[in-house]
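Heads up, upload_12.cif below (mmCIF, C-alpha atoms):
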data_data
loop_
_atom_site.label_atom_id
_atom_site.label_comp_id
_atom_site.auth_asym_id
_atom_site.auth_seq_id
_atom_site.Cartn_x
_atom_site.Cartn_y
_atom_site.Cartn_z
CA MET A 1 122.66 13.68 -7.08
CA ILE A 2 126.31 13.14 -6.13
CA GLU A 3 127.23 13.26 -9.81
CA LEU A 4 125.47 16.61 -10.10
CA VAL A 5 127.38 17.99 -7.09
CA LYS A 6 130.63 16.68 -8.58
CA THR A 7 129.89 18.36 -11.91
CA ILE A 8 129.02 21.66 -10.22
CA LEU A 9 132.23 21.47 -8.14
CA PHE A 10 134.22 20.68 -11.30
CA PHE A 11 132.97 23.79 -13.06
CA ILE A 12 133.48 25.98 -9.95
CA GLY A 13 137.03 24.57 -9.81
CA MET A 14 137.61 25.35 -13.48
CA GLY A 15 136.37 28.87 -12.84
CA LEU A 16 138.80 29.28 -9.94
CA VAL A 17 141.72 28.07 -12.09
CA GLY A 18 140.73 30.57 -14.77
CA LEU A 19 140.40 33.29 -12.14
CA GLY A 20 143.91 32.42 -11.00
CA ALA A 21 145.22 33.08 -14.49
CA VAL A 22 143.46 36.47 -14.51
CA PHE A 23 144.95 37.34 -11.11
CA ASP A 24 148.41 36.33 -12.32
CA LEU A 25 148.01 38.63 -15.31
CA ILE A 26 146.82 41.49 -13.07
CA GLY A 27 149.71 40.87 -10.68
CA ALA A 28 152.23 40.87 -13.53
CA LEU A 29 150.78 44.11 -14.93
CA GLY A 30 150.86 45.69 -11.48
CA LEU A 31 154.45 44.61 -10.96
CA LEU A 32 155.39 46.40 -14.17
CA ARG A 33 153.20 49.50 -13.86
CA PHE A 34 152.96 50.39 -10.17
CA PRO A 35 155.03 53.42 -9.09
CA ASN A 36 156.93 52.33 -5.96
CA PHE A 37 158.24 49.30 -4.10
CA PHE A 38 155.37 48.92 -1.63
CA VAL A 39 152.54 48.84 -4.15
CA ARG A 40 154.61 46.59 -6.41
CA LEU A 41 154.93 44.24 -3.44
CA HIS A 42 151.14 44.33 -3.19
CA ALA A 43 150.93 43.29 -6.85
CA ALA A 44 153.34 40.43 -6.20
CA THR A 45 151.09 39.21 -3.38
CA ILE A 46 148.13 39.24 -5.76
CA GLY A 47 150.14 36.84 -7.91
CA ALA A 48 150.85 34.61 -4.90
CA ILE A 49 147.40 34.50 -3.34
CA GLY A 50 145.10 35.05 -6.30
CA GLY A 51 147.36 33.29 -8.76
CA ALA A 52 148.31 30.26 -6.69
CA VAL A 53 145.84 29.70 -3.85
CA TYR A 54 142.65 30.07 -5.92
CA PRO A 55 143.82 27.63 -8.65
CA LEU A 56 144.91 25.15 -5.98
CA ILE A 57 141.46 25.30 -4.34
CA GLY A 58 140.04 24.94 -7.85
CA VAL A 59 142.12 21.80 -8.41
CA ALA A 60 140.89 20.45 -5.06
CA LEU A 61 137.29 21.00 -6.18
CA MET A 62 137.95 19.41 -9.58
CA ALA A 63 139.68 16.35 -8.10
CA PRO A 64 136.57 14.31 -7.08
CA SER A 65 135.36 14.16 -10.70
CA LEU A 66 138.70 12.96 -12.11
CA GLU A 67 137.66 9.30 -12.18
CA SER A 68 140.67 8.24 -14.27
CA PHE A 69 143.01 9.00 -11.35
CA GLY A 70 141.33 6.33 -9.21
CA GLN A 71 141.97 6.70 -5.49
CA TYR A 72 144.89 9.04 -6.18
CA ARG A 73 142.45 11.88 -6.83
CA TRP A 74 141.90 12.14 -3.08
CA TYR A 75 145.67 12.50 -2.56
CA LEU A 76 145.59 15.21 -5.21
CA MET A 77 142.74 16.96 -3.39
CA GLY A 78 144.42 16.79 0.01
CA GLY A 79 147.77 17.91 -1.36
CA ALA A 80 146.18 20.86 -3.14
CA ILE A 81 144.32 22.02 -0.01
CA ILE A 82 147.42 21.68 2.22
CA THR A 83 149.57 23.55 -0.29
CA ALA A 84 146.95 26.30 -0.55
CA LEU A 85 146.85 26.66 3.26
CA PHE A 86 150.64 26.75 3.38
CA ILE A 87 150.82 29.52 0.75
CA VAL A 88 148.06 31.48 2.56
CA LEU A 89 150.25 31.41 5.68
CA ALA A 90 153.65 31.90 4.10
CA ALA A 91 153.19 34.37 1.22
CA PRO A 92 151.67 37.31 3.18
CA THR A 93 154.21 36.76 5.95
CA GLY A 94 157.03 37.02 3.45
CA SER A 95 155.70 40.24 1.93
CA HIS A 96 155.04 41.62 5.43
CA ALA A 97 158.63 40.93 6.49
CA LEU A 98 159.94 42.50 3.27
CA ALA A 99 157.75 45.60 3.57
CA ARG A 100 158.50 46.09 7.27
CA ALA A 101 162.25 45.73 6.87
CA THR A 102 162.26 48.06 3.86
CA HIS A 103 160.22 50.69 5.67
CA ARG A 104 162.35 50.56 8.80
CA ALA A 105 165.63 50.70 6.91
CA LYS A 106 164.29 53.54 4.71
CA VAL A 107 166.01 52.02 1.68
CA VAL A 108 163.25 52.99 -0.76
CA PRO A 109 161.47 56.35 -0.85
CA VAL A 110 157.68 56.18 -0.47
CA GLU A 111 157.04 58.19 -3.59
CA PRO A 112 154.36 59.10 -4.68
CA LYS A 113 152.91 59.13 -1.15
CA VAL A 114 149.26 59.66 -0.27
CA VAL A 115 149.46 58.73 3.41
CA ASP A 116 152.00 56.86 5.56
CA HIS A 117 150.57 56.17 9.01
CA LEU A 118 153.52 54.04 10.04
CA GLU A 119 155.92 56.90 9.46
CA GLU A 120 153.63 59.29 11.41
CA ASP A 121 153.45 56.83 14.32
CA ARG A 122 157.20 56.48 14.47
CA GLY A 123 157.57 60.24 14.33
CA MET B 1 154.69 52.59 -31.47
CA LYS B 2 158.36 52.02 -32.25
CA THR B 3 159.61 49.08 -34.30
CA ARG B 4 161.30 47.59 -31.23
CA GLU B 5 158.06 47.64 -29.26
CA LYS B 6 156.17 46.12 -32.21
CA ILE B 7 158.67 43.23 -32.40
CA LEU B 8 158.43 42.76 -28.64
CA LEU B 9 154.63 42.70 -28.74
CA ALA B 10 154.66 40.22 -31.64
CA LEU B 11 157.11 37.98 -29.75
CA ILE B 12 154.94 38.06 -26.63
CA ILE B 13 151.83 37.16 -28.64
CA ILE B 14 153.66 34.33 -30.45
CA SER B 15 155.06 32.89 -27.22
CA LEU B 16 151.64 33.10 -25.53
CA ALA B 17 150.02 31.34 -28.49
CA LEU B 18 152.70 28.66 -28.46
CA LEU B 19 152.24 28.18 -24.74
CA ALA B 20 148.47 27.90 -25.19
CA VAL B 21 148.89 25.26 -27.92
CA ILE B 22 151.36 23.25 -25.84
CA LEU B 23 149.19 23.46 -22.73
CA SER B 24 146.03 22.46 -24.58
CA PHE B 25 147.79 19.46 -26.15
CA GLY B 26 149.01 18.48 -22.70
CA ALA B 27 145.53 18.64 -21.28
CA LEU B 28 143.77 16.94 -24.18
CA GLY B 29 146.04 13.90 -24.20
CA ALA B 30 145.44 10.77 -22.15
CA VAL B 31 146.42 11.82 -18.64
CA PRO B 32 147.47 8.61 -16.84
CA LEU B 33 148.31 5.57 -18.94
CA LYS B 34 146.30 2.51 -18.06
CA THR B 35 149.04 0.23 -19.35
CA ILE B 36 152.58 0.16 -17.98
CA ARG B 37 155.26 1.36 -20.38
CA PRO B 38 158.12 -1.11 -21.13
CA LEU B 39 160.75 0.77 -19.10
CA GLY B 40 158.32 1.14 -16.20
CA SER B 41 157.43 -2.54 -16.30
CA PHE B 42 161.13 -3.44 -16.37
CA TYR B 43 161.78 -1.42 -13.23
CA LEU B 44 158.59 -2.56 -11.52
CA TYR B 45 159.57 -6.14 -12.27
CA PHE B 46 162.72 -5.71 -10.21
CA MET B 47 161.23 -3.47 -7.50
CA ALA B 48 157.82 -4.91 -6.87
CA ASN B 49 157.70 -8.25 -8.63
CA ASN B 50 155.87 -10.07 -5.87
CA ASN B 51 152.92 -8.29 -7.39
CA ILE B 52 150.84 -10.75 -9.40
CA VAL B 53 150.29 -8.24 -12.21
CA ILE B 54 154.03 -7.92 -12.76
CA GLN B 55 154.48 -11.68 -12.68
CA GLU B 56 152.00 -11.94 -15.51
CA ILE B 57 154.23 -9.68 -17.63
CA TYR B 58 157.28 -11.93 -17.13
CA PRO B 59 155.87 -15.48 -16.88
CA SER B 60 159.13 -17.04 -18.07
CA ILE B 61 160.97 -16.23 -14.83
CA THR B 62 160.35 -19.07 -12.44
CA LYS B 63 161.36 -17.37 -9.20
CA PRO B 64 160.99 -13.62 -9.62
CA SER B 65 160.99 -12.92 -5.88
CA ASP B 66 164.79 -13.30 -5.89
CA PHE B 67 165.01 -9.77 -7.24
CA TRP B 68 162.18 -8.33 -5.15
CA ALA B 69 163.21 -5.04 -3.54
CA ALA B 70 159.91 -4.55 -1.70
CA SER B 71 159.39 -1.01 -2.95
CA THR B 72 157.11 0.73 -5.38
CA GLU B 73 159.53 3.64 -5.51
CA GLY B 74 162.14 2.83 -8.13
CA ILE B 75 164.70 5.45 -7.12
CA THR B 76 164.76 4.45 -3.46
CA ALA B 77 164.99 0.79 -4.38
CA ILE B 78 167.85 1.41 -6.82
CA LEU B 79 169.70 3.69 -4.40
CA TRP B 80 169.44 1.57 -1.27
CA ASP B 81 169.14 -1.93 -2.65
CA TYR B 82 170.68 -2.21 -6.12
CA ARG B 83 173.61 0.15 -5.64
CA GLY B 84 173.39 0.32 -1.87
CA LEU B 85 177.14 0.36 -1.22
CA ASP B 86 177.43 3.49 -3.33
CA THR B 87 174.77 5.24 -1.24
CA LEU B 88 176.36 3.95 1.97
CA PHE B 89 179.68 5.56 1.03
CA GLU B 90 177.90 8.73 -0.08
CA THR B 91 176.40 8.96 3.37
CA SER B 92 179.84 8.39 4.86
CA VAL B 93 181.28 11.19 2.69
CA PHE B 94 178.57 13.51 3.96
CA PHE B 95 179.37 12.39 7.51
CA PHE B 96 183.06 13.24 7.11
CA ALA B 97 182.23 16.56 5.43
CA ILE B 98 180.23 17.57 8.50
CA ILE B 99 182.97 16.27 10.80
CA GLY B 100 185.42 18.46 8.89
CA SER B 101 183.32 21.58 9.27
CA VAL B 102 182.75 20.84 12.96
CA SER B 103 186.48 20.45 13.51
CA VAL B 104 187.06 23.93 12.06
CA PHE B 105 184.90 25.29 14.91
CA ARG B 106 186.32 22.70 17.28
CA TYR B 107 186.41 24.64 20.54
CA TYR B 108 182.80 25.62 20.40
CA SER B 109 180.99 23.44 22.92
CA VAL B 110 178.88 25.84 25.00
CA SER B 111 175.73 27.32 23.56
CA LEU B 112 175.29 30.99 22.82
CA GLU B 113 172.91 31.30 25.74
CA GLU B 114 175.42 29.95 28.25
CA LYS B 115 178.08 32.23 26.84
CA ASN B 116 175.86 35.27 27.34
CA LYS B 117 175.05 34.16 30.88
CA LYS B 118 178.77 34.01 31.66
CA ASN B 119 179.42 37.43 30.17
CA THR B 120 176.52 39.40 31.62
CA ASN B 121 176.53 37.82 35.08
CA ASN B 122 172.90 38.45 36.03
CA SER B 123 173.00 41.96 34.64
CA SER B 124 169.82 43.68 33.48
CA THR B 125 170.37 42.90 29.80
CA ASN B 126 168.36 39.76 29.33
CA THR B 127 169.15 38.67 25.80
CA LYS B 128 166.48 35.99 25.82
CA THR B 129 163.48 38.31 25.88
CA SER B 130 160.89 38.56 23.14
CA GLY B 131 162.79 41.47 21.63
CA GLN B 132 164.73 38.99 19.50
CA GLY B 133 163.84 38.19 15.91
CA LEU B 134 161.49 39.72 13.40
CA SER B 135 157.97 41.08 13.94
CA LEU B 136 155.23 39.23 15.83
CA ILE B 137 153.48 38.12 12.62
CA VAL B 138 156.63 36.56 11.17
CA LYS B 139 157.48 34.89 14.46
CA LEU B 140 154.01 33.36 14.86
CA ILE B 141 153.91 32.04 11.29
CA THR B 142 157.45 30.69 11.64
CA ARG B 143 156.43 28.81 14.77
CA ILE B 144 153.54 27.23 12.84
CA ASN B 145 155.74 26.50 9.84
CA PHE B 146 158.44 25.02 12.08
CA VAL B 147 156.05 22.23 13.03
CA VAL B 148 154.63 21.90 9.51
CA ILE B 149 158.09 21.58 7.92
CA ILE B 150 159.05 18.84 10.36
CA ALA B 151 155.80 16.99 9.58
CA VAL B 152 156.38 17.35 5.83
CA SER B 153 159.97 16.11 6.11
CA ALA B 154 158.79 13.10 8.11
CA SER B 155 156.16 12.31 5.49
CA ILE B 156 158.78 12.58 2.70
CA ALA B 157 161.15 10.20 4.50
CA PHE B 158 158.72 7.71 6.04
CA HIS B 159 156.82 7.35 2.77
CA GLY B 160 160.01 7.27 0.70
CA GLN B 161 159.81 3.56 -0.14
CA LEU B 162 156.30 3.99 -1.60
CA THR B 163 156.29 7.42 -3.24
CA PRO B 164 158.98 9.79 -4.55
CA GLY B 165 161.11 11.09 -1.73
CA GLY B 166 163.47 9.42 0.67
CA GLY B 167 165.86 9.99 3.52
CA PHE B 168 168.13 12.62 2.02
CA GLN B 169 165.27 14.73 0.67
CA GLY B 170 163.44 14.44 4.00
CA GLY B 171 166.58 15.40 5.92
CA ALA B 172 167.26 18.41 3.71
CA THR B 173 163.66 19.53 4.24
CA LEU B 174 163.98 18.96 7.99
CA ALA B 175 167.03 21.22 8.16
CA VAL B 176 165.01 24.10 6.69
CA ALA B 177 163.00 24.32 9.94
CA PRO B 178 165.89 25.38 12.23
CA LEU B 179 167.33 27.60 9.48
CA LEU B 180 164.03 29.45 9.20
CA ALA B 181 163.75 29.67 12.99
CA ILE B 182 167.28 31.10 13.27
CA ALA B 183 166.45 33.76 10.69
CA ALA B 184 162.95 34.70 11.87
CA LEU B 185 163.04 34.03 15.61
CA SER B 186 166.58 33.76 16.88
CA ARG B 187 169.34 31.33 17.69
CA TYR B 188 168.15 31.31 21.29
CA PHE B 189 164.80 29.87 20.21
CA VAL B 190 166.53 27.03 18.36
CA GLU B 191 168.76 26.32 21.34
CA ASP B 192 165.74 26.51 23.66
CA VAL B 193 163.93 23.87 21.62
CA GLY B 194 166.92 21.63 22.28
CA LEU B 195 168.64 21.80 18.92
CA LYS B 196 172.10 22.35 20.34
CA LYS B 197 175.26 21.47 18.48
CA ASN B 198 176.26 18.47 20.53
CA THR B 199 172.71 17.06 20.61
CA MET B 200 172.56 17.34 16.84
CA LEU B 201 175.96 15.68 16.46
CA THR B 202 174.75 12.82 18.63
CA ILE B 203 171.55 12.38 16.61
CA ARG B 204 173.54 12.46 13.38
CA THR B 205 176.02 9.88 14.62
CA LEU B 206 173.08 7.76 15.79
CA GLY B 207 171.60 7.92 12.29
CA LEU B 208 174.83 6.77 10.68
CA LEU B 209 175.27 4.03 13.28
CA ILE B 210 171.79 2.72 12.48
CA ILE B 211 172.64 2.74 8.75
CA GLY B 212 175.88 0.88 9.42
CA LEU B 213 174.20 -1.70 11.62
CA LEU B 214 171.40 -2.22 9.09
CA ALA B 215 174.00 -2.76 6.37
CA LEU B 216 176.03 -5.21 8.46
CA THR B 217 173.13 -7.18 10.00
CA PRO B 218 172.79 -9.67 7.11
CA LEU B 219 176.57 -10.14 6.97
CA ILE B 220 176.78 -10.81 10.71
CA MET B 221 173.98 -13.35 10.37
CA GLY B 222 176.07 -14.94 7.65
CA PHE B 223 178.59 -16.15 10.23
CA ALA B 224 175.84 -18.34 11.68
CA GLY B 225 175.64 -20.16 8.35
CA GLY B 226 174.06 -19.36 5.04
CA ASN B 227 175.40 -17.06 2.39
CA PRO B 228 174.10 -13.52 2.87
CA TYR B 229 175.86 -10.38 1.66
CA ILE B 230 176.19 -6.81 2.88
CA MET B 231 173.07 -4.58 2.69
CA GLU B 232 170.81 -7.51 1.80
CA ASN B 233 167.22 -6.41 1.93
CA GLN B 234 164.86 -9.25 0.99
CA PRO B 235 165.42 -13.02 1.13
CA LYS B 236 167.15 -14.60 -1.88
CA SER B 237 167.05 -18.25 -2.85
CA TRP B 238 170.86 -18.55 -2.69
CA ALA B 239 171.26 -16.72 0.65
CA MET B 240 169.99 -17.87 4.00
CA PHE B 241 169.18 -14.41 5.39
CA ILE B 242 165.48 -14.22 6.23
CA GLY B 243 165.22 -10.61 5.05
CA PHE B 244 163.89 -7.46 6.65
CA PRO B 245 160.16 -7.46 7.44
CA SER B 246 157.91 -6.63 4.51
CA PHE B 247 154.17 -7.04 4.34
CA GLY B 248 153.44 -7.17 0.66
CA LEU B 249 153.26 -3.76 -0.99
CA GLY B 250 151.96 -2.34 2.26
CA VAL B 251 153.41 0.07 4.76
CA LEU B 252 156.62 -1.35 6.19
CA LEU B 253 158.77 -2.49 3.32
CA GLY B 254 162.08 -4.13 3.97
CA SER B 255 165.22 -2.35 5.00
CA LEU B 256 164.51 0.65 2.75
CA ALA B 257 162.10 2.22 5.26
CA PHE B 258 164.68 1.89 8.06
CA TYR B 259 167.46 3.28 5.87
CA ASN B 260 165.27 6.26 5.02
CA MET B 261 164.48 6.96 8.68
CA ALA B 262 168.16 6.78 9.68
CA GLU B 263 169.17 8.93 6.71
CA LEU B 264 166.55 11.51 7.74
CA LEU B 265 168.18 11.75 11.17
CA ALA B 266 171.73 11.85 9.79
CA VAL B 267 171.15 14.44 7.06
CA GLY B 268 168.70 16.65 8.98
CA ALA B 269 170.87 16.85 12.08
CA GLY B 270 174.03 17.23 9.98
CA PHE B 271 172.72 20.26 8.13
CA THR B 272 171.42 21.71 11.41
CA VAL B 273 174.90 21.46 12.93
CA VAL B 274 176.35 23.41 10.01
CA PHE B 275 173.63 26.08 10.25
CA LEU B 276 174.18 26.43 14.00
CA LEU B 277 177.93 26.80 13.49
CA LEU B 278 177.57 29.30 10.66
CA THR B 279 175.29 31.56 12.72
CA LEU B 280 177.83 31.74 15.52
CA PRO B 281 179.04 35.30 16.15
CA GLU B 282 182.51 35.72 14.71
CA GLU B 283 184.00 37.41 17.76
CA PHE B 284 182.94 34.42 19.84
CA PHE B 285 184.84 31.66 18.10
CA LYS B 286 187.68 33.94 17.04
CA LYS B 287 188.27 34.72 20.72
CA ILE B 288 188.39 31.03 21.58
CA LEU B 289 190.68 30.19 18.68
CA SER B 290 193.05 33.07 19.51
CA ARG B 291 193.16 31.89 23.12
CA GLU B 292 194.25 28.51 21.81
CA VAL B 293 197.00 30.09 19.73
CA GLY B 294 198.13 32.18 22.71
CA LYS B 295 198.62 29.09 24.84
CA GLN B 296 201.22 27.58 22.54
#

Just give me the structure as C-alpha cells.
Amino acid sequence: MIELVKTILFFIGMGLVGLGAVFDLIGALGLLRFPNFFVRLHAATIGAIGGAVYPLIGVALMAPSLESFGQYRWYLMGGAIITALFIVLAAPTGSHALARATHRAKVVPVEPKVVDHLEEDRG
Amino acid sequence: MKTREKILLALIIISLALLAVILSFGALGAVPLKTIRPLGSFYLYFMANNNIVIQEIYPSITKPSDFWAASTEGITAILWDYRGLDTLFETSVFFFAIIGSVSVFRYYSVSLEEKNKKNTNNSSTNTKTSGQGLSLIVKLITRINFVVIIAVSASIAFHGQLTPGGGFQGGATLAVAPLLAIAALSRYFVEDVGLKKNTMLTIRTLGLLIIGLLALTPLIMGFAGGNPYIMENQPKSWAMFIGFPSFGLGVLLGSLAFYNMAELLAVGAGFTVVFLLLTLPEEFFKKILSREVGKQ
C-alpha cells in the first residue's frame, strides 16, 4: 500500500517537474513576445512560480521513492519544500516592488493600455 | 525566413538537443556512489578516521586517531584544523579591514534616530512612522524573511562541521538580513531591532576574541605540562592536550563548531557595521567631519 502511494507520488512529482519546464518555456516566450514592461514582468513571474516552485514540490513528492539516497532523501524533501515556500514568498514580492516603483516613477509607458485602475485612482 | 534566422533556429535546436542528451546521461547514470572514491577516502581518513569503515580502508596505520579532525566536512576541517593559522590570520585581516572602514567614519557614534530627535526637537515631523520604506506587502514579506534569513544563516554555521557551509558563509548570509531590512523597511527599523553600530562592533570583537581564545587555549594548557600546539583540536598521542569535546561523528564536534559560531558572529556583525555606515546620509557625517576640521 505504502509502495503504491510512493509510486503515485513519484509520478505526480515527475508530472510537476515536466509542468515546470512547460511554464519556463511559456515564461520565456512571454518575456520575448509581450508588448510592455508590466506584462513582461508577469511572464517573468510565471517562470519563477511555475518554473521553480512546481518542480521543487515535484522533487519533494519524488523524494520518498528515491531509496538509493537513504535517509538523505528526507533532507532533500524538506529542503525542496522550504525552498519552494521561500520562492512563493519572495518572487511575487520582488515583482510587486518592481512594478509599483516603475508605475509610480512613470519610467515606462503603459502602452498598449486596456485599463489602468491604479492610474485612475491616483488621478 | 531569412538565412540569419534559419541559422539561429538551427543553433537553438542543436543546443537544446545537446542539453537534452547531457541531461539524460546525467539522470541515467548511477546517482550516488556506494563506494568511496580514492580522493574522498583519503580526505575522510584524515577528517573522520575514528569511523570504523575508514579504519578498514587503511588497516596499516596503527593509531589513525592522531589525525582525527572530528568533522565530516572536509573543507571546514582543512580550513580550521589543517591550515588553521591561515584562516586565523584571514579572520584578522577581515577584522582590520572593518576597523579601517569604521575609522573612516570615526565620529559617527549616535544613531540616525537620536540625530533626528536632536534636530527636530519634538516637532510634528515624526520620522519613525510607518511612512518609511516600501509598500506594505514588501515590508511584511521582508519582516518574515528577516527571521528566515537569520535561521538559515544559523543552520549554515552551526551545521558547518557536518555539512557544506561554515562560519564565513553563515556570517555573509546573516548580513543579508539587515541589508534587506535597510532597503525594504528603513534604517530606523534596523536600529530599532538593536542592530546599532556600536553593538555590532562589540559583537564582532566578541567573535574574534572567542576565536583567539579558542586558538590559544591548548597553548596555555601547554604551560601546565605536555606538548600541545596552537589551534589544536583533537587529542594527539604526542601532545598532552585533552582536546575539545567531540562525541563521535555526532553533533558537537571539536573546536570546529565553536570556531564556526564565533566566525558567524564576527563576519555577520562586521558586514552589518559596513552596511550601517554606508547607508548613513552624506550630509550627516560630512557635517561632523567638517566640524572636526574647523576645530584645528

- Query: Which chain B residues are at most 7 Å from chain A (counting all atoms listed in the file), as a PyMOL selection string?
  - Reply: chain B and resi 137-138+141

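Residues captured in this structure file are Gly30, Leu31, Leu32, Arg33, Phe34, Pro35, Phe37, Phe38, Val39, Arg40, Leu41, His42, Ala43, Ala99, Thr102, Val107, Val108, Pro109, Val110, Glu111, Pro112 and Lys113 of chain A, according to the PyMOL selection byres ((chain A and resi 36) around 12).
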
- Query: Rounded to one decimal in Å, what is the spacing between atom CA of B:Thr72 and atom CA of B:Leu162?
  - Reply: 5.1 Å

- Residue with the minimum atom-to-atom distance to B:Gly243, picked from B:Leu9, B:Ser135, B:Tyr45, B:Ala69 with all atoms listed in the file counted, is B:Ala69

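One distance worth recording is that between atom CA of A:Ala84 and atom CA of A:Gly13, which is 13.7 Å.
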
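If you measure from each of B:Asn227, B:Thr142, B:Ser290, B:Asn260 to B:Thr87 using only C-alpha atoms, the closest one turns out to be B:Asn260.
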
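Here atom CA of A:Leu19 stands at a distance of 12.8 Å from atom CA of A:Ala48.
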
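Distance check against A:Ser65 using all atoms listed in the file: of A:Arg104, A:Met14, A:Asp116, A:Asp121, the minimum falls on A:Met14.
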
- Task: Please write as a VMD selection string the full residue list that the PyMOL selection byres ((chain B and resi 181-185) around 10) yields on this file.
- Result: (chain A and resid 97) or (chain B and resid 130 to 136 138 to 143 145 to 146 176 to 180 186 to 191 275 to 276 279)

- Considering all atoms listed in the file, return as a PyMOL selection string whatever protein or nucleic-acid residues lie within 9 Å of stretch 195-204 of chain B, sequence-local ones (same chain, fewer than 2 positions apart) excluded. chain B and resi 95+108-111+178+190-193+206-209+262-263+265-270+272-274+276-277

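Omitting B:Leu216 and its sequence neighbours fewer than 4 positions away, and counting all atoms listed in the file, the residues within 8 Å are Gly212, Ile220, Ile230 and Met231 of chain B.
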
- Task: Rank B:Phe105, B:Gly167, B:Glu5, B:Ser15 by their smallest atom-to-atom distance to B:Lys287, using all atoms listed in the file, and report the top residue only.
- Result: B:Phe105

- Message: Which residue is closest to A:Met62? Choose from A:Ile49, A:Leu118, A:Leu29, A:Ile81 and count all atoms listed in the file.
- Response: A:Ile81

- Contacts of stretch 75-77 of chain A within 6 Å, all atoms listed in the file, excl. fewer than 2 positions in-chain, as a PyMOL selection string: chain A and resi 60+63+72-73+79-80

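Considering the residues A:Leu61, A:Leu98, A:Ala91, A:Val114 and counting only C-alpha atoms, A:Phe11 has its shortest atom-to-atom contact with A:Leu61.
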
- Message: Would you pick out the contacts of B:Phe158 at 9 Å or less, using all atoms listed in the file, so that residues sharing its chain but fewer than 5 positions from it are not included, and give the list as a ChimeraX atom specification?
- Response: /B:153,165-167,170,257-258,260-261,264
